Every structure is written in structure tokens, then in C-alpha cells.
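Below is protein.cif, holding mmCIF, C-alpha atoms.
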```
data_entry
#
loop_
_atom_site.label_atom_id
_atom_site.label_comp_id
_atom_site.auth_asym_id
_atom_site.auth_seq_id
_atom_site.Cartn_x
_atom_site.Cartn_y
_atom_site.Cartn_z
CA MET A 182 235.26 171.68 32.92
CA PRO A 183 235.73 175.05 34.63
CA PHE A 184 235.69 175.29 38.39
CA GLN A 185 232.15 176.10 39.63
CA PRO A 186 232.10 176.93 43.35
CA TRP A 187 228.34 177.39 43.54
CA ILE A 188 227.92 173.67 42.83
CA ILE A 189 230.04 172.91 45.87
CA LEU A 190 227.90 175.31 47.90
CA LYS A 191 224.74 173.61 46.68
CA GLU A 192 226.07 170.20 47.61
CA LEU A 193 227.05 171.37 51.06
CA VAL A 194 223.62 172.88 51.65
CA GLY A 195 221.95 169.75 50.30
CA GLN A 196 223.82 167.52 52.69
CA ALA A 197 222.59 169.72 55.55
CA LYS A 198 225.97 169.70 57.15
CA PRO A 199 226.86 172.78 59.13
CA PHE A 200 229.78 174.78 57.91
CA THR A 201 231.42 177.77 59.37
CA TYR A 202 230.86 181.39 58.46
CA VAL A 203 234.45 181.61 57.19
CA ALA A 204 233.95 178.75 54.75
CA PHE A 205 230.81 180.38 53.45
CA VAL A 206 232.60 183.69 52.87
CA MET A 207 235.44 181.91 51.07
CA LEU A 208 232.98 180.29 48.69
CA LEU A 209 231.37 183.63 47.97
CA VAL A 210 234.81 185.11 47.22
CA LEU A 211 235.55 182.24 44.84
CA MET A 212 232.26 182.78 43.05
CA LEU A 213 232.84 186.51 42.75
CA THR A 214 236.39 185.96 41.46
CA GLN A 215 235.29 183.57 38.75
CA TYR A 216 232.51 185.91 37.70
CA ILE A 217 234.94 188.82 37.34
CA CYS A 218 237.51 186.71 35.42
CA HIS A 219 234.81 185.45 33.06
CA ASN A 220 233.69 188.99 32.21
CA ILE A 221 237.27 190.15 31.65
CA VAL A 222 237.90 187.33 29.15
CA GLU A 223 234.69 188.08 27.26
CA SER A 224 235.52 191.78 27.19
CA SER A 225 239.03 191.08 25.86
CA GLU A 226 237.72 188.83 23.11
CA THR A 227 235.14 191.40 22.07
CA LYS A 228 237.72 194.19 22.11
CA GLY A 229 240.17 192.08 20.11
CA THR A 230 237.57 191.36 17.46
CA THR A 231 236.63 195.05 17.26
CA THR A 232 240.28 196.12 17.03
CA SER A 233 240.98 193.58 14.30
CA THR A 234 237.99 194.81 12.32
CA ASP A 235 239.05 198.44 12.75
CA GLU A 236 242.59 197.62 11.61
CA ASN A 237 241.29 195.84 8.52
CA ASP A 238 239.07 198.82 7.69
CA ALA A 239 242.01 201.19 8.13
CA THR A 240 244.05 199.32 5.50
CA LEU A 241 241.26 199.46 2.92
CA ASP A 242 240.92 202.30 0.43
CA GLU A 243 237.77 204.40 0.39
CA CYS A 244 235.88 205.46 -2.71
CA ALA A 245 235.79 209.27 -2.90
CA ALA A 246 232.25 209.16 -4.29
CA CYS A 247 230.26 206.49 -2.41
CA GLU A 248 232.70 206.00 0.53
CA ARG A 249 232.71 202.22 0.04
CA LYS A 250 235.85 200.58 1.42
CA ALA A 251 237.67 197.95 -0.63
CA ASP A 252 241.13 196.90 -1.73
CA ASP A 253 240.44 196.90 -5.47
CA LEU A 254 239.56 200.56 -6.11
CA LYS A 255 240.83 202.41 -9.18
CA THR A 256 243.18 205.39 -8.72
CA CYS A 257 242.52 208.68 -10.50
CA VAL A 258 244.97 208.69 -13.41
CA ALA A 259 245.52 212.45 -13.33
CA CYS A 260 246.20 213.30 -9.67
CA LYS A 261 247.06 209.83 -8.29
CA GLU A 262 245.40 210.85 -5.00
CA VAL A 263 241.76 209.70 -4.87
CA LYS A 264 240.24 206.30 -5.66
CA TYR A 265 236.94 205.15 -7.12
CA CYS A 266 234.94 201.94 -7.42
CA ASP A 267 234.48 202.36 -11.15
CA ALA A 268 233.88 204.90 -13.91
CA THR A 269 230.35 205.59 -12.62
CA CYS A 270 231.63 206.75 -9.22
CA GLN A 271 234.37 208.77 -10.84
CA LYS A 272 231.92 210.52 -13.15
CA SER A 273 229.52 211.35 -10.32
CA HIS A 274 232.37 212.86 -8.28
CA ARG A 275 233.92 214.80 -11.17
CA SER A 276 232.27 218.13 -10.41
CA LYS A 277 233.63 218.10 -6.84
CA HIS A 278 237.08 216.77 -7.68
CA LYS A 279 237.82 218.54 -10.97
CA LYS A 280 239.43 221.69 -9.59
CA GLU A 281 241.55 219.90 -6.99
CA CYS A 282 242.49 217.21 -9.52
CA ARG A 283 243.88 219.76 -11.97
CA LYS A 284 245.89 221.41 -9.23
CA LEU A 285 247.37 218.14 -7.99
CA ALA A 286 248.06 216.95 -11.54
CA ALA A 287 249.88 220.18 -12.34
CA GLU A 288 252.01 219.82 -9.21
CA LEU A 289 252.93 216.24 -10.14
CA HIS A 290 253.77 217.32 -13.67
CA ASP A 291 256.05 220.14 -12.52
CA GLU A 292 257.74 217.84 -10.04
CA ALA A 293 258.68 215.47 -12.89
CA LEU A 294 259.48 218.29 -15.33
CA PHE A 295 261.92 220.14 -13.07
CA LYS A 296 263.70 217.04 -11.82
CA GLN A 297 267.34 216.77 -12.89
CA PRO A 298 267.45 213.97 -15.51
CA PRO A 299 269.54 210.90 -14.65
CA LYS A 300 272.93 210.68 -16.34
CA GLU A 301 273.51 207.87 -18.79
CA GLU A 302 276.85 206.09 -18.97
CA CYS A 303 278.84 204.53 -21.79
CA PRO A 304 278.69 200.77 -21.11
CA ILE A 305 282.40 200.40 -21.94
CA CYS A 306 284.26 203.23 -20.19
CA CYS A 307 281.45 203.78 -17.62
CA LEU A 308 281.77 207.56 -17.97
CA SER A 309 278.78 209.85 -18.46
CA LEU A 310 277.76 210.02 -22.10
CA PRO A 311 278.71 213.31 -23.76
CA HIS A 312 276.58 215.47 -26.06
CA PRO A 313 274.49 213.43 -28.56
CA LYS A 314 276.72 214.46 -31.46
CA HIS A 315 279.59 212.64 -29.71
CA ILE A 316 277.81 209.31 -29.24
CA MET A 317 276.67 206.58 -31.64
CA PHE A 318 273.81 204.08 -31.58
CA MET A 319 275.00 200.55 -32.35
CA ALA A 320 272.33 198.65 -34.26
CA CYS A 321 274.03 195.32 -33.49
CA CYS A 322 273.57 195.43 -29.70
CA GLY A 323 271.29 198.45 -29.20
CA LYS A 324 273.84 200.36 -27.07
CA PHE A 325 274.87 204.01 -27.14
CA LEU A 326 278.67 204.24 -27.14
CA CYS A 327 280.83 207.33 -26.76
CA ASN A 328 283.09 208.32 -29.64
CA GLY A 329 286.12 207.86 -27.38
CA CYS A 330 285.55 204.11 -27.04
CA ILE A 331 284.76 203.76 -30.75
CA TYR A 332 287.95 205.64 -31.63
CA ALA A 333 290.02 203.54 -29.21
CA GLN A 334 288.73 200.33 -30.81
CA LEU A 335 289.71 201.61 -34.24
CA GLU A 336 293.18 202.67 -33.06
CA THR A 337 294.04 199.49 -31.15
CA SER A 338 292.62 196.81 -33.47
CA GLY A 339 292.58 198.64 -36.77
CA ASN A 340 288.97 197.60 -37.49
CA SER A 341 285.61 199.21 -36.94
CA SER A 342 283.84 196.30 -35.26
CA CYS A 343 281.52 197.08 -32.34
CA PRO A 344 283.59 197.75 -29.19
CA PHE A 345 280.79 196.32 -27.04
CA CYS A 346 279.51 193.13 -28.71
CA ARG A 347 282.39 192.69 -31.22
CA ALA A 348 280.01 192.44 -34.17
CA HIS A 349 281.76 193.04 -37.47
CA ALA A 350 281.42 196.31 -39.31
CA ALA A 351 278.11 196.33 -41.15
CA THR A 352 277.37 197.13 -44.76
CA GLU A 353 274.35 199.30 -45.52
CA GLU A 354 272.17 196.22 -45.99
CA ASP A 355 273.50 194.62 -42.80
CA TYR A 356 272.84 197.78 -40.83
CA ILE A 357 269.22 197.94 -41.98
CA GLU A 358 268.73 194.27 -41.12
CA ARG A 359 270.18 194.83 -37.68
CA LEU A 360 267.81 197.73 -37.13
CA LYS A 361 264.85 195.59 -38.14
CA LYS A 362 265.89 192.91 -35.66
CA ARG A 363 266.04 195.51 -32.91
CA ILE A 364 262.64 196.84 -34.01
CA ALA A 365 261.20 193.34 -33.68
CA VAL A 366 261.93 193.50 -29.93
CA ASN A 367 260.48 197.04 -29.64
CA ASP A 368 263.79 198.87 -29.30
CA ALA A 369 262.80 202.55 -29.21
CA GLU A 370 266.15 203.80 -30.52
CA ALA A 371 266.04 201.38 -33.45
CA PHE A 372 262.68 202.84 -34.48
CA GLN A 373 264.13 206.33 -34.17
CA SER A 374 267.26 205.48 -36.16
CA LEU A 375 265.33 203.86 -39.01
CA ALA A 376 262.95 206.83 -39.07
CA CYS A 377 265.93 209.14 -39.63
CA LYS A 378 267.13 206.96 -42.51
CA TYR A 379 263.74 207.16 -44.23
CA ASP A 380 263.56 210.90 -43.55
CA LYS A 381 266.85 211.55 -45.37
CA GLY A 382 266.69 208.63 -47.82
CA THR A 383 270.05 207.19 -46.78
CA LEU A 384 271.49 203.64 -46.62
CA GLY A 385 269.72 202.72 -49.84
CA LEU A 386 266.26 203.51 -48.49
CA PRO A 387 263.83 205.73 -50.41
CA GLN A 388 263.00 209.10 -48.88
CA ASP A 389 259.61 208.62 -47.25
CA ARG A 390 258.58 211.37 -44.80
CA LYS A 391 255.25 209.74 -43.99
CA LYS A 392 256.83 206.43 -43.03
CA SER A 393 259.54 208.31 -41.16
CA ARG A 394 256.99 210.10 -39.01
CA GLU A 395 255.10 206.87 -38.28
CA LEU A 396 258.31 205.24 -37.08
CA MET A 397 259.23 208.34 -35.08
CA LEU A 398 255.84 208.39 -33.32
CA ARG A 399 256.28 204.73 -32.40
CA ALA A 400 259.76 205.46 -31.06
CA ALA A 401 258.33 208.25 -28.92
CA GLU A 402 255.64 205.92 -27.55
CA LEU A 403 258.41 203.55 -26.50
CA GLY A 404 260.23 206.39 -24.71
CA SER A 405 262.91 207.60 -27.11
CA ARG A 406 264.16 211.03 -26.08
CA ASP A 407 265.60 211.72 -29.53
CA ALA A 408 262.28 210.83 -31.13
CA TYR A 409 260.50 213.51 -29.09
CA THR A 410 263.21 215.97 -30.13
CA CYS A 411 262.71 215.15 -33.82
CA LEU A 412 258.92 215.37 -33.56
CA ALA A 413 259.24 218.83 -32.01
CA ALA A 414 261.64 219.85 -34.79
CA ASP A 415 258.96 219.02 -37.37
CA TYR A 416 256.76 221.77 -35.92
CA VAL A 417 259.60 224.27 -35.60
CA GLU A 418 260.80 223.69 -39.17
CA GLY A 419 257.28 223.86 -40.62
CA ARG A 420 257.08 220.26 -41.83
CA VAL A 421 253.71 219.89 -40.13
CA GLU A 422 251.02 222.41 -39.23
CA MET A 423 251.96 224.28 -36.05
CA ASN A 424 250.37 223.02 -32.86
CA MET A 425 251.87 224.76 -29.83
CA LYS A 426 250.31 222.31 -27.39
CA LYS A 427 251.93 219.32 -29.09
CA LEU A 428 255.20 221.17 -29.61
CA ASN A 429 255.38 222.00 -25.91
CA HIS A 430 254.50 218.40 -25.01
CA TYR A 431 257.31 217.01 -27.19
CA TRP A 432 259.80 219.51 -25.78
CA GLU A 433 258.82 218.58 -22.24
CA ARG A 434 259.12 214.85 -22.87
CA ALA A 435 262.48 215.32 -24.55
CA ALA A 436 263.71 217.58 -21.75
CA MET A 437 262.69 215.07 -19.07
CA GLY A 438 264.70 212.50 -21.01
CA GLY A 439 267.79 214.72 -20.91
CA CYS A 440 267.66 216.72 -24.17
CA LEU A 441 269.40 220.00 -23.31
CA THR A 442 268.26 221.80 -26.47
CA SER A 443 264.61 221.07 -25.69
CA ARG A 444 265.19 222.21 -22.11
CA PHE A 445 266.65 225.48 -23.37
CA ASN A 446 263.69 225.97 -25.72
CA LEU A 447 261.23 225.50 -22.87
CA GLY A 448 263.00 228.20 -20.88
CA SER A 449 262.95 230.54 -23.85
CA ARG A 450 259.22 230.01 -24.30
CA GLU A 451 258.59 230.79 -20.64
CA THR A 452 260.27 234.17 -20.98
CA GLY A 453 258.82 235.00 -24.38
CA GLU A 454 255.19 233.87 -24.43
CA ARG A 455 254.43 233.38 -20.76
CA ASN A 456 256.67 235.99 -19.16
CA ASN A 457 257.52 233.60 -16.34
CA MET A 458 261.15 234.23 -15.49
CA ASP A 459 261.12 231.92 -12.47
CA ARG A 460 260.21 228.84 -14.51
CA ALA A 461 262.62 229.85 -17.26
CA MET A 462 265.51 230.01 -14.81
CA LYS A 463 264.59 226.59 -13.45
CA HIS A 464 264.85 225.12 -16.94
CA TRP A 465 268.13 226.84 -17.70
CA MET A 466 269.68 225.86 -14.36
CA ILE A 467 268.96 222.21 -15.14
CA GLY A 468 270.53 222.62 -18.58
CA ALA A 469 273.53 224.53 -17.25
CA ARG A 470 274.24 221.83 -14.65
CA ASP A 471 274.45 219.27 -17.46
CA GLY A 472 276.86 221.39 -19.49
CA HIS A 473 274.66 223.39 -21.88
CA ASP A 474 276.54 226.58 -22.76
CA GLU A 475 273.57 228.71 -23.83
CA SER A 476 271.67 227.84 -20.67
CA LEU A 477 274.70 228.84 -18.60
CA ASN A 478 274.92 232.19 -20.39
CA ASN A 479 271.27 232.88 -19.57
CA ILE A 480 271.80 231.90 -15.94
CA ARG A 481 274.77 234.24 -15.75
CA GLN A 482 272.62 237.04 -17.17
CA GLY A 483 269.84 236.11 -14.74
CA TYR A 484 272.28 236.39 -11.84
CA THR A 485 273.36 239.83 -13.05
CA ASN A 486 269.74 240.99 -13.28
CA GLY A 487 268.76 239.57 -9.90
CA PHE A 488 266.66 236.60 -11.05
CA VAL A 489 269.14 234.04 -9.73
CA SER A 490 270.59 234.11 -6.22
CA LYS A 491 274.30 233.93 -5.54
CA ASP A 492 273.95 230.53 -3.87
CA ASP A 493 272.04 229.09 -6.81
CA PHE A 494 274.53 230.48 -9.30
CA GLU A 495 277.47 229.00 -7.40
CA GLU A 496 275.70 225.65 -7.11
CA VAL A 497 275.11 225.58 -10.88
CA LEU A 498 278.78 226.33 -11.58
CA ARG A 499 279.93 223.55 -9.24
CA ALA A 500 277.48 221.04 -10.74
CA ARG A 501 278.56 222.01 -14.26
CA LYS A 502 282.22 221.42 -13.39
CA GLU A 503 281.41 218.01 -11.90
CA THR A 504 279.46 217.06 -15.03
CA THR A 505 282.29 218.18 -17.31
CA ASP A 506 284.87 216.27 -15.27
CA GLU A 507 282.73 213.12 -15.33
CA MET A 508 282.62 213.21 -19.14
CA ARG A 509 286.32 213.89 -19.69
CA SER A 510 288.74 211.13 -20.77
CA ASP A 511 291.99 210.88 -22.77
CA GLN A 512 290.21 208.89 -25.47
CA ARG A 513 287.50 211.51 -25.92
CA GLU A 514 290.03 214.33 -26.01
CA ALA A 515 291.98 212.41 -28.65
CA VAL A 516 288.81 212.32 -30.77
CA VAL A 517 288.60 216.12 -30.57
CA ARG A 518 292.26 216.55 -31.51
CA HIS A 519 291.96 214.27 -34.50
CA ALA A 520 288.48 215.58 -35.47
CA TYR A 521 287.19 212.01 -35.62
#
```

Would you put the structure from the file into C-alpha cells?
Amino acid sequence: MPFQPWIILKELVGQAKPFTYVAFVMLLVLMLTQYICHNIVESSETKGTTTSTDENDATLDECAACERKADDLKTCVACKEVKYCDATCQKSHRSKHKKECRKLAAELHDEALFKQPPKEECPICCLSLPHPKHIMFMACCGKFLCNGCIYAQLETSGNSSCPFCRAHAATEEDYIERLKKRIAVNDAEAFQSLACKYDKGTLGLPQDRKKSRELMLRAAELGSRDAYTCLAADYVEGRVEMNMKKLNHYWERAAMGGCLTSRFNLGSRETGERNNMDRAMKHWMIGARDGHDESLNNIRQGYTNGFVSKDDFEEVLRARKETTDEMRSDQREAVVRHAY
């Protein structure tokens, strides 16, 4: 039970015993002190509760339409900035958010588009993979191997088994079966490889362009860079009716995956159709850094004409040299000498 000095005072008065003025003052001080302490505690508790509530509200997201706060709001898929309770709130806010959303979405897209693609490595020699024509997809293990490691395996063991998983050399039927097993686990590159076989009618398969395109579209959905490249080539070569929007989309997806040819084509389109030299140079600088000769030639010409600064040009040359050095090995050079 808390100390209550006024009870003591009441008892003293009730007993009718005289007490000094000093004692009376001391009791009053005790009463005043307890009163003040009691108010301070109540104020602290109230403040703590308010602060806790404010902190909880600060961590919650707010719907851009109705301003309701919650932790389960849906993010705008395009701009990734605002949140909504549901489709109804998003639809009601569309007229206000549409212009800003397009701007933010375009900025996010360009940020991803002009980002230097990550370099892939051969899982055996751990060096950066060279140009696609110097690598091979292994249907047995689903790995991309450089021709240097494949050549070294052939030279040292005298057989053409897989240098990574040691699977024996496959016949045409075995190779198709291996691809189908990889397809069963949604291997994007297996879809792309089988699509190429149907497109050309190789490995005992009938030529079936329709089936090839279906497989290629599935490979692209799963993220195959080469599939996007092949789908773009269909438009360029006239196999399907031209659709510039889709062609540009496939080039962009392939370029973001590291396809240097698609990156070069995007730069060429910027200068030709859109007359945007700045964006073109950005594309070609990315390609030149990764060793694309045509992109480097355009960057050199851009430097001569004043579209590329001296610092940028020097940085591209240094990055290109680093990339080339990272891909060089005795085994790969031996492949070039022997035209393997």
C-alpha cells in the first residue's frame, strides 16, 4: 500500500494531540511530494503509450488513395513506390498517379537497362566465359563450359565425356533424352537448346518452326538470354510479322542478360530511329567494356566527334582490357591455334 501522509494527519487531528508547527509543515511537504510523483508517473505512462502508438503507426504503410495504414498493402507493380489496399483503391487513384507512375517506371527501367551485366564464369576454370560461339551447353548437367576446358578434357583423356559431371559422350538419342530431363526441371537453356534443334531439324528431329517458337518463348519466360536473342532474330529475319515494340523488348531483355549483339543493336536503333546519341553511347560503352569490337569502334568514333569524353573513353579501354585478360587462358588460346 502506498504511503499516505494525509491519513497520518487525520489520525493526529482525531486524537486531539497538539503537534508542532514544524511537524505540520513536514506533513504538508510529504503530501505535496507524493502528489507530484504520482502525476509524473501517470504522465510518463501516458507519454509512453502515445510514443509506442506513434512508432507503430510510423512503421505501417499508407494507402495512397484512402490513406489507411496497414502492413499488408499492395505495391504498385510499375513504379514500386506507392501502395494500395486493393485494386479498387488503385483504380480510384490512377488519374492522379498515372503521370508520376510512368516517370518512375521509366527511371527504374533505364536503371536496369544501363547496368553493366554480371560476368558469368566457367565452372571448371573459373574464368569469365568468352563469346557465346566459344562456349557449349552441356545437356547432362545443364552447365555452360568454355571450349578451353572441353578441349583440355579431350587432349588429356582422349575422350569427349563431360569435363564437369563426367557423363559419357552422348549419341543423338541420348542428347535429346538429356535435354528432356533438364526440361522437366524447367531448365531455361534446355528449352532453348531443344528449340534450336526443332528449328533446324537436327539430331533426328523433324523441322518444326511452330514447336520451336513455343519452346523458345518458354525459355524466354524462364530467363534465357539466348532465347530472347533468337526471338528478336525472328523479327529481323522476317520469320514473323514485324513488331518493333516486341523486337525492342526482346533486344532489351537479351542485352540485360549480357548479349553484346543485342546491346549493339539497341545503340544503333537509338541513333537511327530516335536520334538519341547519348543513349546510344551508353549502350555501346557497356558492350565495349565487355569486349564487343563493333561497339568499341563506335565509341572511338563518338570520342572523335565529341559525344564521348576523354575520361569515359579511357575508362572503357581499361575495362575492356581487364575483361579480355580475365577471359584469356592457355587452353583457350590452344583452341584458337588448332581451330577446334

**Reference answer for the PyMOL selection byres ((chain A and resi 498) around 10), as a PyMOL selection string** = chain A and resi 466+469-470+472+477+480-481+493-497+499-504

**Message:** I'd like the neighbourhood of stretch 298-309 of chain A as an NGL selection string, where a residue qualifies if any of its atoms comes within 10 Å (using all atoms listed in the file), though same-chain residues fewer than 6 positions away should be ignored.
**Reply:** :A and (316 or 324-331 or 344-345 or 436-440 or 467-468 or 471 or 504-510 or 512)

Only C-alpha atoms, please: the residues just picked out, written as a compact mmCIF listing (two decimals), in the coordinates of the input.
```
# COMPACT_ATOMS: atom_id res chain seq x y z
CA ILE A 316 277.81 209.31 -29.24
CA LYS A 324 273.84 200.36 -27.07
CA PHE A 325 274.87 204.01 -27.14
CA LEU A 326 278.67 204.24 -27.14
CA CYS A 327 280.83 207.33 -26.76
CA ASN A 328 283.09 208.32 -29.64
CA GLY A 329 286.12 207.86 -27.38
CA CYS A 330 285.55 204.11 -27.04
CA ILE A 331 284.76 203.76 -30.75
CA PRO A 344 283.59 197.75 -29.19
CA PHE A 345 280.79 196.32 -27.04
CA ALA A 436 263.71 217.58 -21.75
CA MET A 437 262.69 215.07 -19.07
CA GLY A 438 264.70 212.50 -21.01
CA GLY A 439 267.79 214.72 -20.91
CA CYS A 440 267.66 216.72 -24.17
CA ILE A 467 268.96 222.21 -15.14
CA GLY A 468 270.53 222.62 -18.58
CA ASP A 471 274.45 219.27 -17.46
CA THR A 504 279.46 217.06 -15.03
CA THR A 505 282.29 218.18 -17.31
CA ASP A 506 284.87 216.27 -15.27
CA GLU A 507 282.73 213.12 -15.33
CA MET A 508 282.62 213.21 -19.14
CA ARG A 509 286.32 213.89 -19.69
CA SER A 510 288.74 211.13 -20.77
CA GLN A 512 290.21 208.89 -25.47
```

**Item:** Spatial neighbours of A:Cys270, 10 Å, only C-alpha atoms, chain gap at least 3 places, as a ChimeraX atom specification
**Value:** /A:244-248,264-267,273-275

Ground truth for the PyMOL selection byres ((chain A and resi 336-342) around 12), written as a PDB file with C-alpha atoms, in the frame of the given file:
```pdb
ATOM      1  CA  MET A 319     275.000 200.550 -32.350  1.00  0.00           C
ATOM      2  CA  ALA A 320     272.330 198.650 -34.260  1.00  0.00           C
ATOM      3  CA  CYS A 321     274.030 195.320 -33.490  1.00  0.00           C
ATOM      4  CA  CYS A 322     273.570 195.430 -29.700  1.00  0.00           C
ATOM      5  CA  ASN A 328     283.090 208.320 -29.640  1.00  0.00           C
ATOM      6  CA  GLY A 329     286.120 207.860 -27.380  1.00  0.00           C
ATOM      7  CA  CYS A 330     285.550 204.110 -27.040  1.00  0.00           C
ATOM      8  CA  ILE A 331     284.760 203.760 -30.750  1.00  0.00           C
ATOM      9  CA  TYR A 332     287.950 205.640 -31.630  1.00  0.00           C
ATOM     10  CA  ALA A 333     290.020 203.540 -29.210  1.00  0.00           C
ATOM     11  CA  GLN A 334     288.730 200.330 -30.810  1.00  0.00           C
ATOM     12  CA  LEU A 335     289.710 201.610 -34.240  1.00  0.00           C
ATOM     13  CA  CYS A 343     281.520 197.080 -32.340  1.00  0.00           C
ATOM     14  CA  PRO A 344     283.590 197.750 -29.190  1.00  0.00           C
ATOM     15  CA  PHE A 345     280.790 196.320 -27.040  1.00  0.00           C
ATOM     16  CA  CYS A 346     279.510 193.130 -28.710  1.00  0.00           C
ATOM     17  CA  ARG A 347     282.390 192.690 -31.220  1.00  0.00           C
ATOM     18  CA  ALA A 348     280.010 192.440 -34.170  1.00  0.00           C
ATOM     19  CA  HIS A 349     281.760 193.040 -37.470  1.00  0.00           C
ATOM     20  CA  ALA A 350     281.420 196.310 -39.310  1.00  0.00           C
ATOM     21  CA  ALA A 351     278.110 196.330 -41.150  1.00  0.00           C
ATOM     22  CA  THR A 352     277.370 197.130 -44.760  1.00  0.00           C
ATOM     23  CA  GLN A 512     290.210 208.890 -25.470  1.00  0.00           C
ATOM     24  CA  ALA A 515     291.980 212.410 -28.650  1.00  0.00           C
ATOM     25  CA  VAL A 516     288.810 212.320 -30.770  1.00  0.00           C
ATOM     26  CA  HIS A 519     291.960 214.270 -34.500  1.00  0.00           C
ATOM     27  CA  TYR A 521     287.190 212.010 -35.620  1.00  0.00           C
TER      28      TYR A 521
END
```

**Fill in**
atom CA of A:Leu403 to atom CA of A:Gln373 measures 10.0 Å

**Asked** Could you pull the residues within 10 Å of A:Ala400, counting all atoms listed in the file, minus those fewer than 4 positions along the same chain, as a list in words?
**Response**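 What passes the distance filter is Ile364, Asn367, Asp368, Ala369, Glu370, Ala371, Phe372, Gln373, Ser374, Leu375, Ala376, Arg394, Glu395, Leu396, Gly404, Ser405, Arg406, Asp407, Ala408 and Tyr409 of chain A.
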
**Among listed residues A:Arg455, A:Arg420, A:Ala414, A:Met425, nearest A:Ser443 (using all atoms listed in the file)** =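 Selected residue with least distance to A:Ser443: A:Ala414.
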
**Request:** Work out how far apart atom CA of A:Leu294 and atom CA of A:His430 are and give it in Å to one decimal.
**Result:**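 Going from atom CA of A:Leu294 over to atom CA of A:His430 covers 10.9 Å.
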
**Item:** Between atom CA of A:His473 and atom CA of A:Ala461, distance in Å (one decimal)
**Value:**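 Separating atom CA of A:His473 from atom CA of A:Ala461 is a distance of 14.4 Å.
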
**Prompt:** Residues picked by the PyMOL selection byres ((chain A and resi 251) around 9) here, as JSON, numbers by chain?
**Reply:** {"A": [238, 240, 241, 242, 243, 244, 249, 250, 252, 253, 254, 266]}

**Message:** Env of A:Arg450: 12 Å cut, atoms = all atoms listed in the file, seq-sep filter 4 positions within chain, self excluded. Answer as a list of chain:residue names.
**Reply:**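 Counting only the stated atoms, we get A:Met425, A:Leu428, A:Asn429, A:Trp432, A:Glu433, A:Ser443, A:Arg444, A:Phe445, A:Asn446, A:Glu454, A:Arg455, A:Asn456, A:Asn457, A:Met458, A:Arg460, A:Ala461, A:Met462, A:His464, A:Trp465.
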
Will you model N, CA, C and O atoms for stretch 493-505 of chain A and pass it back as an mmCIF file, in the coordinates of the input?
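Output (part39.cif):
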```cif
data_model
loop_
_atom_site.group_PDB
_atom_site.id
_atom_site.type_symbol
_atom_site.label_atom_id
_atom_site.label_comp_id
_atom_site.auth_asym_id
_atom_site.auth_seq_id
_atom_site.Cartn_x
_atom_site.Cartn_y
_atom_site.Cartn_z
ATOM 1 N N ASP A 493 272.470 229.924 -5.681
ATOM 2 C CA ASP A 493 272.040 229.090 -6.810
ATOM 3 C C ASP A 493 273.048 229.146 -7.950
ATOM 4 O O ASP A 493 273.344 228.121 -8.593
ATOM 5 N N PHE A 494 273.560 230.316 -8.217
ATOM 6 C CA PHE A 494 274.530 230.480 -9.300
ATOM 7 C C PHE A 494 275.801 229.685 -9.006
ATOM 8 O O PHE A 494 276.340 228.996 -9.882
ATOM 9 N N GLU A 495 276.268 229.748 -7.774
ATOM 10 C CA GLU A 495 277.470 229.000 -7.400
ATOM 11 C C GLU A 495 277.224 227.496 -7.468
ATOM 12 O O GLU A 495 278.100 226.736 -7.896
ATOM 13 N N GLU A 496 276.022 227.082 -7.054
ATOM 14 C CA GLU A 496 275.700 225.650 -7.110
ATOM 15 C C GLU A 496 275.682 225.148 -8.540
ATOM 16 O O GLU A 496 276.144 224.035 -8.837
ATOM 17 N N VAL A 497 275.148 225.962 -9.458
ATOM 18 C CA VAL A 497 275.110 225.580 -10.880
ATOM 19 C C VAL A 497 276.532 225.451 -11.429
ATOM 20 O O VAL A 497 276.841 224.499 -12.159
ATOM 21 N N LEU A 498 277.395 226.383 -11.084
ATOM 22 C CA LEU A 498 278.780 226.330 -11.580
ATOM 23 C C LEU A 498 279.508 225.090 -11.060
ATOM 24 O O LEU A 498 280.260 224.442 -11.802
ATOM 25 N N ARG A 499 279.297 224.751 -9.797
ATOM 26 C CA ARG A 499 279.930 223.550 -9.240
ATOM 27 C C ARG A 499 279.406 222.288 -9.913
ATOM 28 O O ARG A 499 280.183 221.378 -10.261
ATOM 29 N N ALA A 500 278.080 222.221 -10.105
ATOM 30 C CA ALA A 500 277.480 221.040 -10.740
ATOM 31 C C ALA A 500 277.948 220.907 -12.183
ATOM 32 O O ALA A 500 278.203 219.791 -12.661
ATOM 33 N N ARG A 501 278.087 222.032 -12.865
ATOM 34 C CA ARG A 501 278.560 222.010 -14.260
ATOM 35 C C ARG A 501 279.984 221.467 -14.322
ATOM 36 O O ARG A 501 280.312 220.661 -15.196
ATOM 37 N N LYS A 502 280.842 221.903 -13.403
ATOM 38 C CA LYS A 502 282.220 221.420 -13.390
ATOM 39 C C LYS A 502 282.272 219.915 -13.121
ATOM 40 O O LYS A 502 283.042 219.185 -13.760
ATOM 41 N N GLU A 503 281.459 219.447 -12.189
ATOM 42 C CA GLU A 503 281.410 218.010 -11.900
ATOM 43 C C GLU A 503 280.964 217.219 -13.129
ATOM 44 O O GLU A 503 281.530 216.168 -13.438
ATOM 45 N N THR A 504 279.953 217.738 -13.824
ATOM 46 C CA THR A 504 279.460 217.060 -15.030
ATOM 47 C C THR A 504 280.546 217.002 -16.095
ATOM 48 O O THR A 504 280.763 215.966 -16.735
ATOM 49 N N THR A 505 281.221 218.124 -16.305
ATOM 50 C CA THR A 505 282.290 218.180 -17.310
ATOM 51 C C THR A 505 283.425 217.220 -16.965
ATOM 52 O O THR A 505 283.945 216.512 -17.839
#
```
